[in-house]
$ cat run_22.txt   # compact mmCIF, C-alpha atoms
# COMPACT_ATOMS: atom_id res chain seq x y z
CA MET A 77 84.62 79.02 104.72
CA SER A 78 82.19 80.99 102.51
CA GLU A 79 80.86 79.81 99.17
CA GLU A 80 82.40 82.88 97.53
CA TRP A 81 85.82 82.00 98.98
CA GLN A 82 85.42 78.51 97.52
CA THR A 83 84.56 80.08 94.17
CA ARG A 84 87.70 82.24 94.19
CA LYS A 85 89.87 79.31 95.15
CA THR A 86 88.23 77.14 92.53
CA LEU A 87 88.78 79.81 89.86
CA LEU A 88 92.50 79.92 90.64
CA MET A 89 92.71 76.16 90.59
CA ARG A 90 90.82 76.06 87.31
CA ALA A 91 92.97 78.85 85.85
CA LYS A 92 96.02 76.66 86.48
CA ASN A 93 94.69 74.43 83.72
CA GLN A 94 95.84 76.16 80.55
CA ASP A 95 93.17 74.33 78.56
CA ASP A 96 90.36 75.88 80.64
CA HIS A 97 89.77 79.00 78.55
CA VAL A 98 86.60 80.00 80.41
CA ALA A 99 88.45 80.07 83.75
CA TRP A 100 91.24 82.14 82.20
CA GLU A 101 88.76 84.67 80.79
CA GLU A 102 87.20 85.01 84.25
CA PHE A 103 90.64 85.48 85.78
CA VAL A 104 91.57 88.20 83.26
CA ALA A 105 88.24 89.99 83.76
CA TYR A 106 88.90 90.14 87.48
CA TYR A 107 92.61 91.04 87.65
CA ARG A 108 93.16 93.09 84.46
CA ASP A 109 91.78 96.26 86.06
CA PHE A 110 94.31 96.05 88.89
CA ILE A 111 97.18 95.53 86.43
CA ASP A 112 96.05 98.54 84.38
CA MET A 113 95.76 100.69 87.50
CA VAL A 114 99.35 99.85 88.48
CA LEU A 115 100.78 100.51 85.03
CA HIS A 116 99.04 103.88 84.69
CA GLN A 117 100.77 105.08 87.86
CA MET A 118 104.29 104.36 86.60
CA ASN A 119 104.68 107.16 84.06
CA LEU A 120 105.20 104.68 81.25
CA ASN A 121 104.59 105.63 77.64
CA PHE A 122 100.86 105.35 77.06
CA VAL A 123 101.41 103.22 73.95
CA ASP A 124 103.44 100.73 76.04
CA ILE A 125 100.81 100.14 78.71
CA ASP A 126 98.50 97.83 76.77
CA ASP A 127 101.41 95.79 75.40
CA LEU A 128 102.96 95.49 78.86
CA ALA A 129 99.62 94.45 80.38
CA GLN A 130 99.40 91.71 77.75
CA GLU A 131 102.98 90.62 78.52
CA ILE A 132 102.11 90.41 82.23
CA LEU A 133 98.99 88.36 81.55
CA ILE A 134 100.95 85.97 79.32
CA LYS A 135 103.57 85.60 82.06
CA ILE A 136 100.83 84.88 84.61
CA TRP A 137 99.25 82.34 82.26
CA LYS A 138 102.59 80.56 81.83
CA SER A 139 103.56 80.74 85.52
CA LEU A 140 100.23 80.08 87.23
CA PRO A 141 100.30 76.28 86.75
CA SER A 142 103.51 76.10 88.81
CA HIS A 143 102.20 78.43 91.54
CA ILE A 144 101.71 76.43 94.72
CA TYR A 145 98.62 77.38 96.71
CA ASP A 146 99.45 77.65 100.40
CA LYS A 147 97.21 79.97 102.39
CA ASP A 148 99.54 79.93 105.42
CA ARG A 149 102.80 80.60 103.59
CA ALA A 150 102.35 82.62 100.41
CA ARG A 151 99.41 84.79 99.48
CA PHE A 152 98.41 84.77 95.82
CA ARG A 153 98.35 88.57 95.76
CA THR A 154 101.99 88.62 96.94
CA TRP A 155 102.96 86.28 94.13
CA LEU A 156 100.99 88.33 91.60
CA SER A 157 102.56 91.60 92.80
CA ARG A 158 106.06 90.15 92.54
CA LEU A 159 105.38 88.96 89.01
CA ILE A 160 104.02 92.38 87.97
CA ARG A 161 107.00 94.12 89.58
CA ASN A 162 109.52 91.94 87.77
CA GLN A 163 107.82 92.38 84.40
CA VAL A 164 107.63 96.16 84.81
CA LEU A 165 111.30 96.44 85.82
CA ASP A 166 112.34 94.20 82.92
CA HIS A 167 110.32 96.37 80.55
CA ILE A 168 111.86 99.60 81.89
CA ARG A 169 115.41 98.22 81.72
CA GLY A 170 114.83 96.99 78.19
CA SER A 171 113.46 100.38 77.14
CA GLN A 172 116.44 102.13 78.72
CA ARG A 173 118.92 99.87 76.93
CA ARG A 174 117.24 100.51 73.57
CA THR A 175 117.09 104.25 74.20
CA ARG A 176 120.76 104.40 75.17
CA LYS A 177 121.72 102.38 72.12
CA HIS A 178 119.78 104.68 69.80
CA ALA A 179 121.04 107.81 71.55
CA SER A 180 124.62 106.59 71.28
CA ALA A 181 124.24 105.87 67.58
CA ALA A 182 122.85 109.36 67.07
CA GLU A 183 125.42 110.92 69.42
CA ASP A 184 122.50 112.29 71.44
CA GLU A 185 123.63 113.56 74.84
CA THR A 186 120.07 113.73 76.24
CA VAL A 187 120.22 110.05 77.21
CA ASP A 188 120.81 111.01 80.85
CA SER A 189 117.27 112.40 80.99
CA ILE A 190 115.72 108.96 80.49
CA PRO A 191 113.13 108.52 83.28
CA SER A 192 113.66 105.55 85.56
CA ILE A 193 111.86 103.88 88.43
CA THR A 194 113.41 101.88 91.24
CA GLU A 195 112.26 98.55 92.65
CA PRO A 196 111.08 100.13 95.96
CA GLU A 197 109.04 102.65 93.96
CA VAL A 198 107.39 99.86 91.98
CA GLU A 199 106.57 98.02 95.22
CA LYS A 200 105.07 101.20 96.67
CA ILE A 201 102.92 101.83 93.61
CA ILE A 202 101.65 98.24 93.58
CA GLN A 203 100.74 98.43 97.28
CA GLN A 204 99.02 101.81 96.92
CA GLU A 205 97.05 100.75 93.86
CA TRP A 206 95.99 97.51 95.55
CA GLU A 207 94.54 99.52 98.45
CA VAL A 208 92.64 101.75 96.01
CA TYR A 209 91.46 98.72 94.04
CA ILE A 210 90.15 96.97 97.13
CA VAL A 211 88.20 100.04 98.29
CA GLU A 212 86.74 100.74 94.84
CA LEU A 213 85.75 97.10 94.40
CA ALA A 214 84.19 97.01 97.87
CA LEU A 215 82.22 100.19 97.19
CA LYS A 216 81.04 98.78 93.87
CA ASN A 217 79.95 95.54 95.55
CA ILE A 218 77.83 97.28 98.19
CA SER A 219 76.43 100.06 95.99
CA THR A 220 73.27 98.10 95.23
CA LEU A 221 72.52 97.78 98.95
CA PHE A 222 72.01 101.52 99.41
CA SER A 223 70.13 104.38 97.80
CA GLU A 224 71.92 106.67 95.35
CA ARG A 225 71.59 109.43 97.96
CA ALA A 226 73.44 107.37 100.58
CA ILE A 227 76.27 106.49 98.18
CA GLU A 228 76.55 110.11 97.07
CA ALA A 229 76.66 111.32 100.67
CA PHE A 230 79.48 108.90 101.43
CA SER A 231 81.38 109.69 98.23
CA MET A 232 81.15 113.44 98.84
CA SER A 233 82.45 112.98 102.39
CA ILE A 234 85.44 111.02 101.04
CA ASP A 235 86.13 113.90 98.65
CA GLY A 236 86.27 116.29 101.60
CA GLY A 237 82.74 117.66 101.61
CA SER A 238 81.50 118.87 104.98
CA THR A 239 78.28 117.60 106.52
CA ALA A 240 76.65 121.00 105.90
CA GLN A 241 77.74 121.08 102.25
CA ILE A 242 76.48 117.56 101.62
CA ALA A 243 73.19 118.27 103.37
CA GLU A 244 72.62 121.36 101.23
CA HIS A 245 73.55 119.53 98.05
CA LEU A 246 71.24 116.59 98.77
CA GLY A 247 68.46 118.68 100.29
CA VAL A 248 68.43 116.78 103.57
CA LYS A 249 69.16 117.54 107.21
CA PRO A 250 72.74 117.24 108.53
CA ASN A 251 71.68 114.39 110.84
CA SER A 252 70.43 112.47 107.82
CA VAL A 253 73.80 112.93 106.11
CA ILE A 254 75.60 111.51 109.14
CA LYS A 255 73.28 108.49 109.28
CA LEU A 256 73.56 107.81 105.55
CA ARG A 257 77.34 108.19 105.57
CA ASN A 258 77.83 105.98 108.62
CA ARG A 259 75.63 103.18 107.30
CA VAL A 260 77.62 103.02 104.08
CA LYS A 261 80.93 103.27 105.94
CA GLU A 262 80.06 100.43 108.33
CA ARG A 263 79.08 98.12 105.48
CA LEU A 264 82.11 99.17 103.45
CA VAL A 265 84.49 98.23 106.27
CA ILE A 266 82.91 94.77 106.42
CA GLU A 267 83.16 94.32 102.65
CA ILE A 268 86.80 95.45 102.56
CA GLN A 269 87.69 92.90 105.23
CA HIS A 270 85.76 90.26 103.32
CA LEU A 271 87.72 91.03 100.15
CA ARG A 272 91.03 91.04 102.00
CA ASN A 273 90.27 87.62 103.44
CA GLU A 274 89.47 86.30 99.99
CA LEU A 275 91.87 88.11 97.67
CA GLU A 276 94.98 88.63 99.76
CA SER A 277 95.15 85.08 101.06
CA VAL A 278 94.77 83.16 97.83

$ encode --input "run_22.txt" --output "structure tokens"
Amino acid sequence: MSEEWQTRKTLLMRAKNQDDHVAWEEFVAYYRDFIDMVLHQMNLNFVDIDDLAQEILIKIWKSLPSHIYDKDRARFRTWLSRLIRNQVLDHIRGSQRRTRKHASAAEDETVDSIPSITEPEVEKIIQQEWEVYIVELALKNISTLFSERAIEAFSMSIDGGSTAQIAEHLGVKPNSVIKLRNRVKERLVIEIQHLRNELESV
């Protein structure tokens, strides 16, 4: 078991202690980005996103002490996703109830146009955003291991750039582009697996 895995596990165990403010700040710094990514994909009112993110973090803070760590039975990420899903759905239902109430009082017939999102859609968004988050975090973690040229070659290939286009842009030979891209890709795959082992199992 790696030292970094021990650190992650220790952070979660420390974050269970509501008096450990340092651990909680570390937890928020790590998971807030993922929460924000999810919320921005749900077509919520922009002004609601920050408040909802805070509500989710408060719910996590209150619920985390009772979360039972069991690597073989329940992954922490599964628990976190379920909590986010429930908070988002509660927020949407509450907003819909308030909107219907106000529309009824104003005899506004446009209430049927209120946007909604189903539970399966929320699950799908959370899963998709987690995959993006993992890849972006992995790429960030390995970026210091490679030259800017290698990272750019890989990033351009992800965006659909051909080997010839990348070679021309970087001023290198096509074979060099392939080597640069493959080196980054190989290390990225390792880092993604490393993160999955650590973040999806805790």

$ residues_around --input "run_22.txt" --residues "Thr239 of chain A" --least-positions-apart "4" --cutoff "12 Å" --atoms "all atoms listed in the file" --output "compact mmCIF listing (two decimals) with C-alpha atoms, keeping the file's coordinate frame"
# COMPACT_ATOMS: atom_id res chain seq x y z
CA ALA A 229 76.66 111.32 100.67
CA PHE A 230 79.48 108.90 101.43
CA SER A 231 81.38 109.69 98.23
CA MET A 232 81.15 113.44 98.84
CA SER A 233 82.45 112.98 102.39
CA ILE A 234 85.44 111.02 101.04
CA ASP A 235 86.13 113.90 98.65
CA ALA A 243 73.19 118.27 103.37
CA GLU A 244 72.62 121.36 101.23
CA HIS A 245 73.55 119.53 98.05
CA LEU A 246 71.24 116.59 98.77
CA GLY A 247 68.46 118.68 100.29
CA VAL A 248 68.43 116.78 103.57
CA LYS A 249 69.16 117.54 107.21
CA PRO A 250 72.74 117.24 108.53
CA ASN A 251 71.68 114.39 110.84
CA SER A 252 70.43 112.47 107.82
CA VAL A 253 73.80 112.93 106.11
CA ILE A 254 75.60 111.51 109.14
CA LYS A 255 73.28 108.49 109.28
CA LEU A 256 73.56 107.81 105.55
CA ARG A 257 77.34 108.19 105.57
CA ASN A 258 77.83 105.98 108.62

$ closest_residue --input "run_22.txt" --among "A:Ile242, A:Val265, A:Ile136, A:Val114" --to "Ala91 of chain A" --atoms "all atoms listed in the file"
A:Ile136

$ atom_distance --input "run_22.txt" --atom1 "atom CA of Arg161 of chain A" --atom2 "atom CA of Val198 of chain A"
6.2 Å

$ closest_residue --input "run_22.txt" --among "A:Ile111, A:Asn273, A:Met89, A:Leu264" --to "Arg151 of chain A" --atoms "only C-alpha atoms"
A:Asn273

$ residues_around --input "run_22.txt" --residues "Val164 of chain A" --least-positions-apart "5" --cutoff "9 Å" --atoms "all atoms listed in the file" --output "PDB file with C-alpha atoms, keeping the file's coordinate frame"
ATOM      1  CA  LEU A 115     100.780 100.510  85.030  1.00  0.00           C
ATOM      2  CA  LEU A 128     102.960  95.490  78.860  1.00  0.00           C
ATOM      3  CA  ILE A 132     102.110  90.410  82.230  1.00  0.00           C
ATOM      4  CA  LEU A 159     105.380  88.960  89.010  1.00  0.00           C
ATOM      5  CA  ARG A 169     115.410  98.220  81.720  1.00  0.00           C
ATOM      6  CA  VAL A 198     107.390  99.860  91.980  1.00  0.00           C
TER       7      VAL A 198
END

$ atom_distance --input "run_22.txt" --atom1 "atom CA of Val208 of chain A" --atom2 "atom CA of Gln172 of chain A"
29.4 Å

$ residues_around --input "run_22.txt" --residues "Leu221 of chain A" --least-positions-apart "5" --cutoff "10 Å" --atoms "all atoms listed in the file" --output "number ranges by chain"
A: 216, 226-227, 260, 263

$ closest_residue --input "run_22.txt" --among "A:His143, A:His97, A:Glu131, A:Ile201" --to "Asn119 of chain A" --atoms "all atoms listed in the file"
A:Ile201

$ atom_distance --input "run_22.txt" --atom1 "atom CA of Thr220 of chain A" --atom2 "atom CA of Leu87 of chain A"
24.6 Å

$ closest_residue --input "run_22.txt" --among "A:Val98, A:Ile125, A:Leu140, A:Ile210" --to "Phe110 of chain A" --atoms "only C-alpha atoms"
A:Ile210

$ axis_aligned_box --input "run_22.txt" --around "segment 255-271 of chain A" --padding-each-side "5 Å" --output "AutoDock Vina command-line options"
--center_x 80.5 --center_y 99.4 --center_z 104.7 --size_x 24.4 --size_y 28.2 --size_z 19.1

$ residues_around --input "run_22.txt" --residues "Ala214 of chain A" --least-positions-apart "5" --cutoff "9 Å" --atoms "only C-alpha atoms" --output "list in words"
Tyr209, Ser219, Leu264, Val265, Ile266, Glu267, Ile268, His270 and Leu271 of chain A

$ closest_residue --input "run_22.txt" --among "A:Asp166, A:Glu224, A:Glu205, A:Glu262" --to "Asp109 of chain A" --atoms "only C-alpha atoms"
A:Glu205

$ decode --input "run_22.txt" --residues "segment 112-157 of chain A" --atoms "N, CA and C atoms" --output "short mmCIF file (atom, residue, chain, number, x, y, z; two decimals), in the first residue's frame"
data_model
loop_
_atom_site.label_atom_id
_atom_site.label_comp_id
_atom_site.auth_asym_id
_atom_site.auth_seq_id
_atom_site.Cartn_x
_atom_site.Cartn_y
_atom_site.Cartn_z
N ASP A 112 -18.12 21.30 -8.24
CA ASP A 112 -18.42 22.41 -9.14
C ASP A 112 -18.60 21.93 -10.58
N MET A 113 -17.75 21.01 -11.00
CA MET A 113 -17.85 20.47 -12.36
C MET A 113 -19.21 19.82 -12.59
N VAL A 114 -19.66 19.05 -11.61
CA VAL A 114 -20.96 18.37 -11.72
C VAL A 114 -22.09 19.40 -11.81
N LEU A 115 -22.09 20.38 -10.93
CA LEU A 115 -23.17 21.35 -10.88
C LEU A 115 -23.26 22.19 -12.14
N HIS A 116 -22.11 22.51 -12.74
CA HIS A 116 -22.11 23.32 -13.95
C HIS A 116 -22.68 22.56 -15.15
N GLN A 117 -22.78 21.26 -15.06
CA GLN A 117 -23.32 20.47 -16.17
C GLN A 117 -24.82 20.23 -16.05
N MET A 118 -25.45 20.76 -15.03
CA MET A 118 -26.86 20.45 -14.78
C MET A 118 -27.83 21.55 -15.14
N ASN A 119 -27.36 22.55 -15.87
CA ASN A 119 -28.22 23.65 -16.32
C ASN A 119 -28.96 24.33 -15.17
N LEU A 120 -28.31 24.42 -14.04
CA LEU A 120 -28.90 25.13 -12.90
C LEU A 120 -28.67 26.62 -13.08
N ASN A 121 -29.45 27.42 -12.38
CA ASN A 121 -29.21 28.86 -12.41
C ASN A 121 -27.82 29.13 -11.87
N PHE A 122 -27.08 29.96 -12.57
CA PHE A 122 -25.69 30.23 -12.19
C PHE A 122 -25.60 30.72 -10.75
N VAL A 123 -26.57 31.54 -10.34
CA VAL A 123 -26.52 32.10 -8.97
C VAL A 123 -26.75 31.02 -7.92
N ASP A 124 -27.35 29.89 -8.33
CA ASP A 124 -27.64 28.81 -7.37
C ASP A 124 -26.45 27.89 -7.14
N ILE A 125 -25.51 27.87 -8.08
CA ILE A 125 -24.45 26.87 -8.05
C ILE A 125 -23.57 26.99 -6.81
N ASP A 126 -23.14 28.19 -6.49
CA ASP A 126 -22.25 28.35 -5.34
C ASP A 126 -22.97 27.99 -4.05
N ASP A 127 -24.24 28.44 -3.94
CA ASP A 127 -25.01 28.10 -2.73
C ASP A 127 -25.21 26.60 -2.61
N LEU A 128 -25.52 25.94 -3.73
CA LEU A 128 -25.74 24.50 -3.70
C LEU A 128 -24.45 23.76 -3.36
N ALA A 129 -23.33 24.23 -3.90
CA ALA A 129 -22.03 23.61 -3.58
C ALA A 129 -21.77 23.70 -2.07
N GLN A 130 -22.10 24.86 -1.49
CA GLN A 130 -21.92 25.02 -0.05
C GLN A 130 -22.84 24.08 0.73
N GLU A 131 -24.09 23.94 0.25
CA GLU A 131 -25.03 23.03 0.90
C GLU A 131 -24.51 21.60 0.87
N ILE A 132 -23.94 21.20 -0.26
CA ILE A 132 -23.40 19.85 -0.41
C ILE A 132 -22.23 19.64 0.53
N LEU A 133 -21.34 20.63 0.63
CA LEU A 133 -20.19 20.51 1.52
C LEU A 133 -20.63 20.44 2.98
N ILE A 134 -21.64 21.20 3.34
CA ILE A 134 -22.16 21.14 4.71
C ILE A 134 -22.74 19.76 5.00
N LYS A 135 -23.47 19.22 4.01
CA LYS A 135 -24.05 17.89 4.17
C LYS A 135 -22.96 16.84 4.32
N ILE A 136 -21.90 16.96 3.52
CA ILE A 136 -20.77 16.03 3.63
C ILE A 136 -20.15 16.14 5.03
N TRP A 137 -19.94 17.39 5.47
CA TRP A 137 -19.32 17.62 6.78
C TRP A 137 -20.14 16.97 7.89
N LYS A 138 -21.46 17.08 7.79
CA LYS A 138 -22.34 16.51 8.81
C LYS A 138 -22.41 14.99 8.72
N SER A 139 -22.34 14.45 7.47
CA SER A 139 -22.54 13.02 7.27
C SER A 139 -21.26 12.20 7.33
N LEU A 140 -20.12 12.82 7.05
CA LEU A 140 -18.86 12.09 6.97
C LEU A 140 -18.51 11.33 8.24
N PRO A 141 -18.76 11.89 9.44
CA PRO A 141 -18.41 11.12 10.65
C PRO A 141 -19.13 9.79 10.76
N SER A 142 -20.31 9.66 10.14
CA SER A 142 -21.05 8.40 10.24
C SER A 142 -20.77 7.48 9.05
N HIS A 143 -19.96 7.98 8.07
CA HIS A 143 -19.60 7.13 6.93
C HIS A 143 -18.64 6.05 7.39
N ILE A 144 -18.97 4.81 7.08
CA ILE A 144 -18.14 3.68 7.49
C ILE A 144 -17.20 3.31 6.36
N TYR A 145 -15.90 3.39 6.62
CA TYR A 145 -14.91 3.02 5.62
C TYR A 145 -14.83 1.51 5.48
N ASP A 146 -15.08 1.04 4.28
CA ASP A 146 -14.98 -0.39 3.99
C ASP A 146 -14.58 -0.53 2.52
N LYS A 147 -13.31 -0.73 2.28
CA LYS A 147 -12.78 -0.77 0.92
C LYS A 147 -13.45 -1.85 0.07
N ASP A 148 -13.84 -2.96 0.69
CA ASP A 148 -14.40 -4.09 -0.06
C ASP A 148 -15.89 -3.96 -0.33
N ARG A 149 -16.58 -3.10 0.41
CA ARG A 149 -18.03 -3.04 0.27
C ARG A 149 -18.51 -1.74 -0.37
N ALA A 150 -18.07 -0.62 0.12
CA ALA A 150 -18.59 0.67 -0.37
C ALA A 150 -17.45 1.64 -0.63
N ARG A 151 -17.33 2.07 -1.87
CA ARG A 151 -16.30 3.03 -2.21
C ARG A 151 -16.73 4.42 -1.73
N PHE A 152 -15.77 5.21 -1.28
CA PHE A 152 -16.09 6.56 -0.82
C PHE A 152 -16.68 7.37 -1.96
N ARG A 153 -16.15 7.22 -3.16
CA ARG A 153 -16.66 8.00 -4.29
C ARG A 153 -18.12 7.69 -4.57
N THR A 154 -18.53 6.43 -4.37
CA THR A 154 -19.94 6.04 -4.55
C THR A 154 -20.81 6.76 -3.52
N TRP A 155 -20.35 6.78 -2.29
CA TRP A 155 -21.08 7.47 -1.22
C TRP A 155 -21.17 8.95 -1.52
N LEU A 156 -20.06 9.56 -1.95
CA LEU A 156 -20.03 10.98 -2.26
C LEU A 156 -20.97 11.30 -3.42
N SER A 157 -20.96 10.48 -4.46
CA SER A 157 -21.83 10.70 -5.62
C SER A 157 -23.30 10.62 -5.23
#
